[in-house]
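Text of the file target_17.cif, holding mmCIF, C-alpha atoms:
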data_target
#
loop_
_atom_site.label_atom_id
_atom_site.label_comp_id
_atom_site.auth_asym_id
_atom_site.auth_seq_id
_atom_site.Cartn_x
_atom_site.Cartn_y
_atom_site.Cartn_z
CA GLN F 10 40.13 40.91 20.03
CA LYS F 11 38.78 41.67 23.48
CA GLU F 12 35.71 39.73 24.54
CA VAL F 13 33.94 42.96 25.47
CA GLU F 14 34.61 46.30 23.78
CA GLN F 15 33.56 49.57 25.36
CA ASP F 16 34.48 53.08 24.29
CA PRO F 17 36.38 54.55 27.26
CA GLY F 18 35.37 58.15 26.47
CA PRO F 19 35.60 60.52 28.22
CA LEU F 20 32.12 61.69 27.36
CA SER F 21 30.87 65.15 28.40
CA VAL F 22 27.25 66.20 27.97
CA PRO F 23 25.14 69.13 29.19
CA GLU F 24 22.60 68.58 31.92
CA GLY F 25 19.32 67.27 30.53
CA ALA F 26 20.89 65.51 27.56
CA ILE F 27 20.17 61.93 26.58
CA VAL F 28 23.25 59.77 27.03
CA SER F 29 23.94 56.59 25.09
CA LEU F 30 26.59 54.15 26.32
CA ASN F 31 27.43 51.03 24.37
CA CYS F 32 29.28 47.74 24.50
CA THR F 33 29.88 45.08 21.90
CA TYR F 34 30.88 41.53 22.62
CA SER F 35 32.19 38.57 20.69
CA ASN F 36 31.27 35.58 22.88
CA SER F 37 27.84 34.28 21.97
CA ALA F 38 27.76 32.38 25.29
CA PHE F 39 27.12 35.65 27.14
CA GLN F 40 23.49 35.57 28.19
CA TYR F 41 23.26 37.90 31.19
CA PHE F 42 24.05 41.57 30.89
CA MET F 43 24.65 44.23 33.49
CA TRP F 44 25.55 47.85 33.82
CA TYR F 45 27.53 48.99 36.82
CA ARG F 46 28.13 52.58 37.85
CA GLN F 47 31.35 53.56 39.60
CA TYR F 48 31.76 56.90 41.27
CA SER F 49 35.22 58.27 41.92
CA ARG F 50 36.95 56.54 44.86
CA LYS F 51 34.10 54.01 45.16
CA GLY F 52 33.53 50.45 44.07
CA PRO F 53 31.15 49.61 41.20
CA GLU F 54 27.44 49.30 42.04
CA LEU F 55 24.87 47.45 39.98
CA LEU F 56 22.62 49.77 37.99
CA MET F 57 20.76 47.53 35.56
CA TYR F 58 20.51 43.79 34.92
CA THR F 59 18.87 42.04 32.00
CA TYR F 60 19.04 38.69 30.27
CA SER F 61 16.75 38.96 27.28
CA SER F 62 16.89 40.89 24.04
CA GLY F 63 14.87 44.07 24.08
CA ASN F 64 14.55 47.00 26.46
CA LYS F 65 14.34 47.22 30.22
CA GLU F 66 13.46 50.52 31.83
CA ASP F 67 14.10 51.76 35.35
CA GLY F 68 13.34 55.40 35.92
CA ARG F 69 15.62 57.50 33.73
CA PHE F 70 17.66 54.46 32.73
CA THR F 71 16.97 52.05 29.86
CA ALA F 72 19.07 48.97 29.15
CA GLN F 73 18.86 47.57 25.65
CA VAL F 74 20.18 44.20 24.47
CA ASP F 75 20.49 43.00 20.88
CA LYS F 76 21.85 39.47 21.02
CA SER F 77 21.77 39.02 17.24
CA SER F 78 24.19 41.94 16.87
CA LYS F 79 26.04 41.23 20.14
CA TYR F 80 25.44 44.81 21.21
CA ILE F 81 24.15 46.30 24.45
CA SER F 82 23.33 49.89 25.33
CA LEU F 83 22.47 51.99 28.34
CA PHE F 84 20.42 55.14 27.82
CA ILE F 85 20.17 57.87 30.43
CA ARG F 86 17.36 60.37 29.97
CA ASP F 87 17.38 63.86 31.46
CA SER F 88 20.97 63.39 32.60
CA GLN F 89 21.99 65.03 35.87
CA PRO F 90 25.38 66.10 37.25
CA SER F 91 24.96 63.31 39.80
CA ASP F 92 25.13 60.83 36.90
CA SER F 93 28.79 61.76 36.40
CA ALA F 94 30.64 58.49 36.91
CA THR F 95 32.29 55.65 35.05
CA TYR F 96 29.82 53.16 33.56
CA LEU F 97 30.92 49.56 33.19
CA CYS F 98 29.16 46.91 31.17
CA ALA F 99 29.50 43.34 32.40
CA MET F 100 28.40 39.97 31.09
CA ILE F 101 28.00 36.41 32.32
CA PRO F 102 28.08 33.31 30.12
CA THR F 103 25.50 30.56 30.43
CA ASP F 104 28.10 28.05 31.64
CA SER F 105 29.31 30.18 34.55
CA GLY F 106 29.47 28.27 37.83
CA SER F 107 27.58 29.12 41.00
CA ALA F 108 30.19 31.78 41.74
CA ARG F 109 29.55 33.89 38.66
CA GLN F 110 32.46 35.06 36.56
CA LEU F 111 31.74 38.48 35.14
CA THR F 112 33.56 39.82 32.09
CA PHE F 113 33.73 43.59 32.16
CA GLY F 114 34.20 46.28 29.57
CA SER F 115 36.85 48.90 30.24
CA GLY F 116 34.27 51.50 31.32
CA THR F 117 33.09 54.82 29.89
CA GLN F 118 33.78 57.94 31.91
CA LEU F 119 30.77 60.29 31.79
CA THR F 120 30.62 63.90 32.93
CA VAL F 121 27.30 65.76 32.99
CA LEU F 122 27.90 69.49 33.04
CA PRO F 123 25.48 71.72 34.97
CA GLU N 13 29.30 48.15 59.10
CA THR N 14 27.17 47.22 56.15
CA GLY N 15 27.89 45.82 52.70
CA VAL N 16 31.47 45.07 51.74
CA THR N 17 34.32 46.80 53.53
CA GLN N 18 37.99 46.87 52.58
CA THR N 19 41.07 47.92 54.51
CA PRO N 20 43.31 49.73 54.09
CA ARG N 21 41.85 52.17 51.59
CA HIS N 22 45.30 53.30 50.49
CA LEU N 23 48.61 51.47 50.63
CA VAL N 24 52.08 52.45 49.50
CA MET N 25 54.71 49.74 49.61
CA GLY N 26 58.17 49.05 48.40
CA MET N 27 59.01 46.15 46.16
CA THR N 28 60.51 44.17 49.03
CA ASN N 29 57.66 44.69 51.50
CA LYS N 30 55.02 42.21 52.58
CA LYS N 31 51.52 43.51 53.18
CA SER N 32 47.96 42.20 53.26
CA LEU N 33 44.65 43.56 52.03
CA LYS N 34 41.52 42.69 53.97
CA CYS N 35 37.94 42.37 52.80
CA GLU N 36 34.86 41.70 54.93
CA GLN N 37 31.30 41.24 53.75
CA HIS N 38 28.26 41.67 55.99
CA LEU N 39 25.71 40.38 53.48
CA GLY N 40 25.63 36.67 54.33
CA HIS N 41 27.08 35.75 50.94
CA ASN N 42 29.05 32.62 50.16
CA ALA N 43 31.14 33.72 47.18
CA MET N 44 33.93 36.29 47.32
CA TYR N 45 36.13 37.72 44.59
CA TRP N 46 39.33 39.72 44.13
CA TYR N 47 39.58 42.04 41.11
CA LYS N 48 42.35 44.30 39.85
CA GLN N 49 41.33 47.59 38.24
CA SER N 50 43.96 49.48 36.25
CA ALA N 51 43.37 52.73 34.40
CA LYS N 52 41.62 52.34 31.04
CA LYS N 53 41.52 48.53 31.38
CA PRO N 54 38.63 46.21 32.22
CA LEU N 55 38.34 44.83 35.70
CA GLU N 56 40.51 41.72 35.85
CA LEU N 57 39.18 38.85 37.92
CA MET N 58 42.01 37.46 40.04
CA PHE N 59 40.54 34.91 42.44
CA VAL N 60 37.17 33.41 43.26
CA TYR N 61 36.18 31.68 46.48
CA ASN N 62 32.91 29.84 46.94
CA PHE N 63 32.07 28.46 50.40
CA LYS N 64 35.70 29.18 51.40
CA GLU N 65 37.10 27.05 48.57
CA GLN N 66 39.12 28.65 45.81
CA THR N 67 37.39 27.93 42.54
CA GLU N 68 39.32 30.21 40.19
CA ASN N 69 42.85 31.53 39.90
CA ASN N 70 43.10 33.44 36.67
CA SER N 71 46.83 33.01 36.03
CA VAL N 72 47.73 35.41 38.80
CA PRO N 73 51.45 35.64 39.70
CA SER N 74 52.43 33.90 42.91
CA ARG N 75 53.42 37.20 44.51
CA PHE N 76 49.66 37.53 45.13
CA SER N 77 48.40 34.98 47.65
CA PRO N 78 44.71 34.87 48.63
CA GLU N 79 43.28 33.51 51.86
CA CYS N 80 39.66 32.90 52.77
CA PRO N 81 39.34 31.76 56.40
CA ASN N 82 35.52 31.92 56.36
CA SER N 83 32.72 33.07 54.10
CA SER N 84 32.81 36.61 55.48
CA HIS N 85 36.51 37.38 55.21
CA LEU N 86 38.96 37.46 52.34
CA PHE N 87 42.60 38.47 52.36
CA LEU N 88 45.11 39.18 49.64
CA HIS N 89 48.70 38.75 50.79
CA LEU N 90 51.26 40.71 48.81
CA HIS N 91 55.02 40.19 48.60
CA THR N 92 57.81 41.33 46.28
CA LEU N 93 55.41 43.25 44.09
CA GLN N 94 56.34 45.15 40.95
CA PRO N 95 55.49 48.76 40.05
CA GLU N 96 53.06 47.48 37.39
CA ASP N 97 51.03 45.92 40.21
CA SER N 98 49.97 49.42 41.25
CA ALA N 99 46.20 49.51 40.82
CA LEU N 100 42.87 49.59 42.62
CA TYR N 101 42.14 46.19 44.16
CA LEU N 102 38.46 45.50 44.55
CA CYS N 103 36.75 42.84 46.60
CA ALA N 104 33.23 41.67 45.81
CA SER N 105 30.77 39.16 47.16
CA SER N 106 27.65 37.41 45.90
CA SER N 107 25.18 34.81 47.03
CA ASP N 108 25.65 31.25 45.78
CA GLY N 109 24.24 31.25 42.26
CA GLY N 110 23.50 34.96 42.41
CA ASP N 111 24.38 37.14 39.44
CA THR N 112 24.77 40.38 41.35
CA GLN N 113 28.16 41.09 42.85
CA TYR N 114 28.49 43.71 45.55
CA PHE N 115 31.76 45.56 45.57
CA GLY N 116 33.78 47.16 48.30
CA PRO N 117 35.36 50.60 47.86
CA GLY N 118 38.73 49.13 46.96
CA THR N 119 42.31 49.52 48.13
CA ARG N 120 44.43 51.91 46.09
CA LEU N 121 47.85 50.25 45.97
CA THR N 122 51.03 52.01 44.91
CA VAL N 123 54.23 50.00 44.54
CA LEU N 124 57.40 52.06 44.54
#

What does the file become when written as structure tokens?
Amino acid sequence: QKEVEQDPGPLSVPEGAIVSLNCTYSNSAFQYFMWYRQYSRKGPELLMYTYSSGNKEDGRFTAQVDKSSKYISLFIRDSQPSDSATYLCAMIPTDSGSARQLTFGSGTQLTVLP
Amino acid sequence: ETGVTQTPRHLVMGMTNKKSLKCEQHLGHNAMYWYKQSAKKPLELMFVYNFKEQTENNSVPSRFSPECPNSSHLFLHLHTLQPEDSALYLCASSSDGGDTQYFGPGTRLTVL
């Protein structure tokens, strides 16, 4: 079993739709959760970061963490064609050293159609 | 230059060649990382350097040899690679104790 499971998609939605992206994990030591966005031919860039159960909102993006279920989600409201990218979840355990070791999901490829 | 830069952006090499990938960060960070990204697979952490010292080597074959001469530069020396080593190689950096890693654009490597 992989430590982090993420549906690779691809996922296509019409412009304006609400998008839900999800990851599940098995390691209860993971305490810090991130979503990275990776455009084609670019490196990943941090989109959202959270460390507590519940919701964190930033503009059209909401990150949700449920530690009891070992499940995290990223919601995108009013999706735009510019949101078309691969979305990667990433996690850090509590015992990670000062140079953090991230464990990534495999990424979900999202296309928002105009 | 700002952020994390990587050169070359594309590299095609034969199995008997020797080449090097270069990464430079302009963010004043102390930790640097090499990742391998293959299609449909999670990013695989290869090496971690913190204050120029290698702190992690995640069972990477010896045909990959990292070098970190200072906190701003990171190299990945390649020799006698295999076709399955073809992938996007990403460099990242972070501050000491920082959770956010900043990635470069990657080097797309093709091994013939």

Option closest in space to F:Pro53, from N:Thr92, N:Thr122, N:Ser98, N:Gln49 [counting only C-alpha atoms]: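 Using only C-alpha atoms, the shortest distance to F:Pro53 belongs to N:Gln49.
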
Top pick for closest residue to F:Gly114, considering F:Ala26, F:Met57, F:Ile81, F:Ala94 and counting all atoms listed in the file
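Looking at the shortest contact to F:Gly114, the residue is F:Ile81.
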
**Request:** Could you give me, as a ChimeraX atom specification, the residues within 6 Å of F:Val121, counting all atoms listed in the file and dropping anything in the same chain fewer than 5 positions from it?
**Result:** /F:21-24,90,93

**Message:** Between N:Gly26, N:Asp111, N:Val123, N:Glu65, which residue has the minimum interatomic distance to F:Thr59, considering all atoms listed in the file?
**Reply:**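 Smallest separation from F:Thr59 among the options: N:Asp111.
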
Please identify all residues of chain F having at least one atom at most 10 Å from any atom of chain N, considering only C-alpha atoms, and return them as a ChimeraX atom specification. /F:11,13-18,41-43,45,47-55,58,97-101,105-118

Please write as an MDAnalysis selection string the full residue list that the PyMOL selection byres ((chain N and resi 31-38) around 6) yields on this file.
chainID N and resid 14:19 30 39:40 84:90

Could you save the residues just selected, with C-alpha atoms, as an mmCIF file, in the coordinates of the input?
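After the write, selection-v4.cif holds the following:
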data_model
loop_
_atom_site.group_PDB
_atom_site.id
_atom_site.type_symbol
_atom_site.label_atom_id
_atom_site.label_comp_id
_atom_site.auth_asym_id
_atom_site.auth_seq_id
_atom_site.Cartn_x
_atom_site.Cartn_y
_atom_site.Cartn_z
ATOM 1 C CA THR N 14 27.170 47.220 56.150
ATOM 2 C CA GLY N 15 27.890 45.820 52.700
ATOM 3 C CA VAL N 16 31.470 45.070 51.740
ATOM 4 C CA THR N 17 34.320 46.800 53.530
ATOM 5 C CA GLN N 18 37.990 46.870 52.580
ATOM 6 C CA THR N 19 41.070 47.920 54.510
ATOM 7 C CA LYS N 30 55.020 42.210 52.580
ATOM 8 C CA LEU N 39 25.710 40.380 53.480
ATOM 9 C CA GLY N 40 25.630 36.670 54.330
ATOM 10 C CA SER N 84 32.810 36.610 55.480
ATOM 11 C CA HIS N 85 36.510 37.380 55.210
ATOM 12 C CA LEU N 86 38.960 37.460 52.340
ATOM 13 C CA PHE N 87 42.600 38.470 52.360
ATOM 14 C CA LEU N 88 45.110 39.180 49.640
ATOM 15 C CA HIS N 89 48.700 38.750 50.790
ATOM 16 C CA LEU N 90 51.260 40.710 48.810
#

Atom CA of N:Lys48 sits from atom CA of N:Asn29 at a separation of 19.2 Å

Enclose the full set of atoms of stretch 64-67 of chain F listed in the file within a box whose edges lie along x, y and z, apply 4 Å of padding to each of the six sides, and report centre and edge lengths in Å to one decimal as AutoDock Vina command-line options.
--center_x 14.0 --center_y 49.4 --center_z 30.9 --size_x 9.1 --size_y 12.8 --size_z 16.9

> Using the chain letters and numbers from the file, which residues does the PyMOL selection byres ((chain F and resi 36) around 12) grab, as a list in words?
Replying inline: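 For this structure, the PyMOL selection byres ((chain F and resi 36) around 12) resolves to Gln10, Lys11, Glu12, Val13, Glu14, Thr33, Tyr34, Ser35, Ser37, Ala38, Phe39, Gln40, Tyr41, Lys76, Ser77, Ser78, Lys79, Tyr80, Met100, Ile101, Pro102, Thr103, Asp104 and Thr112 of chain F.
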
| query | From the list F:Gln89, F:Tyr60, F:Leu20, F:Trp44, which residue is nearest F:Asp75 when using all atoms listed in the file? | reply |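 So, comparing all the options, the nearest one is F:Tyr60.
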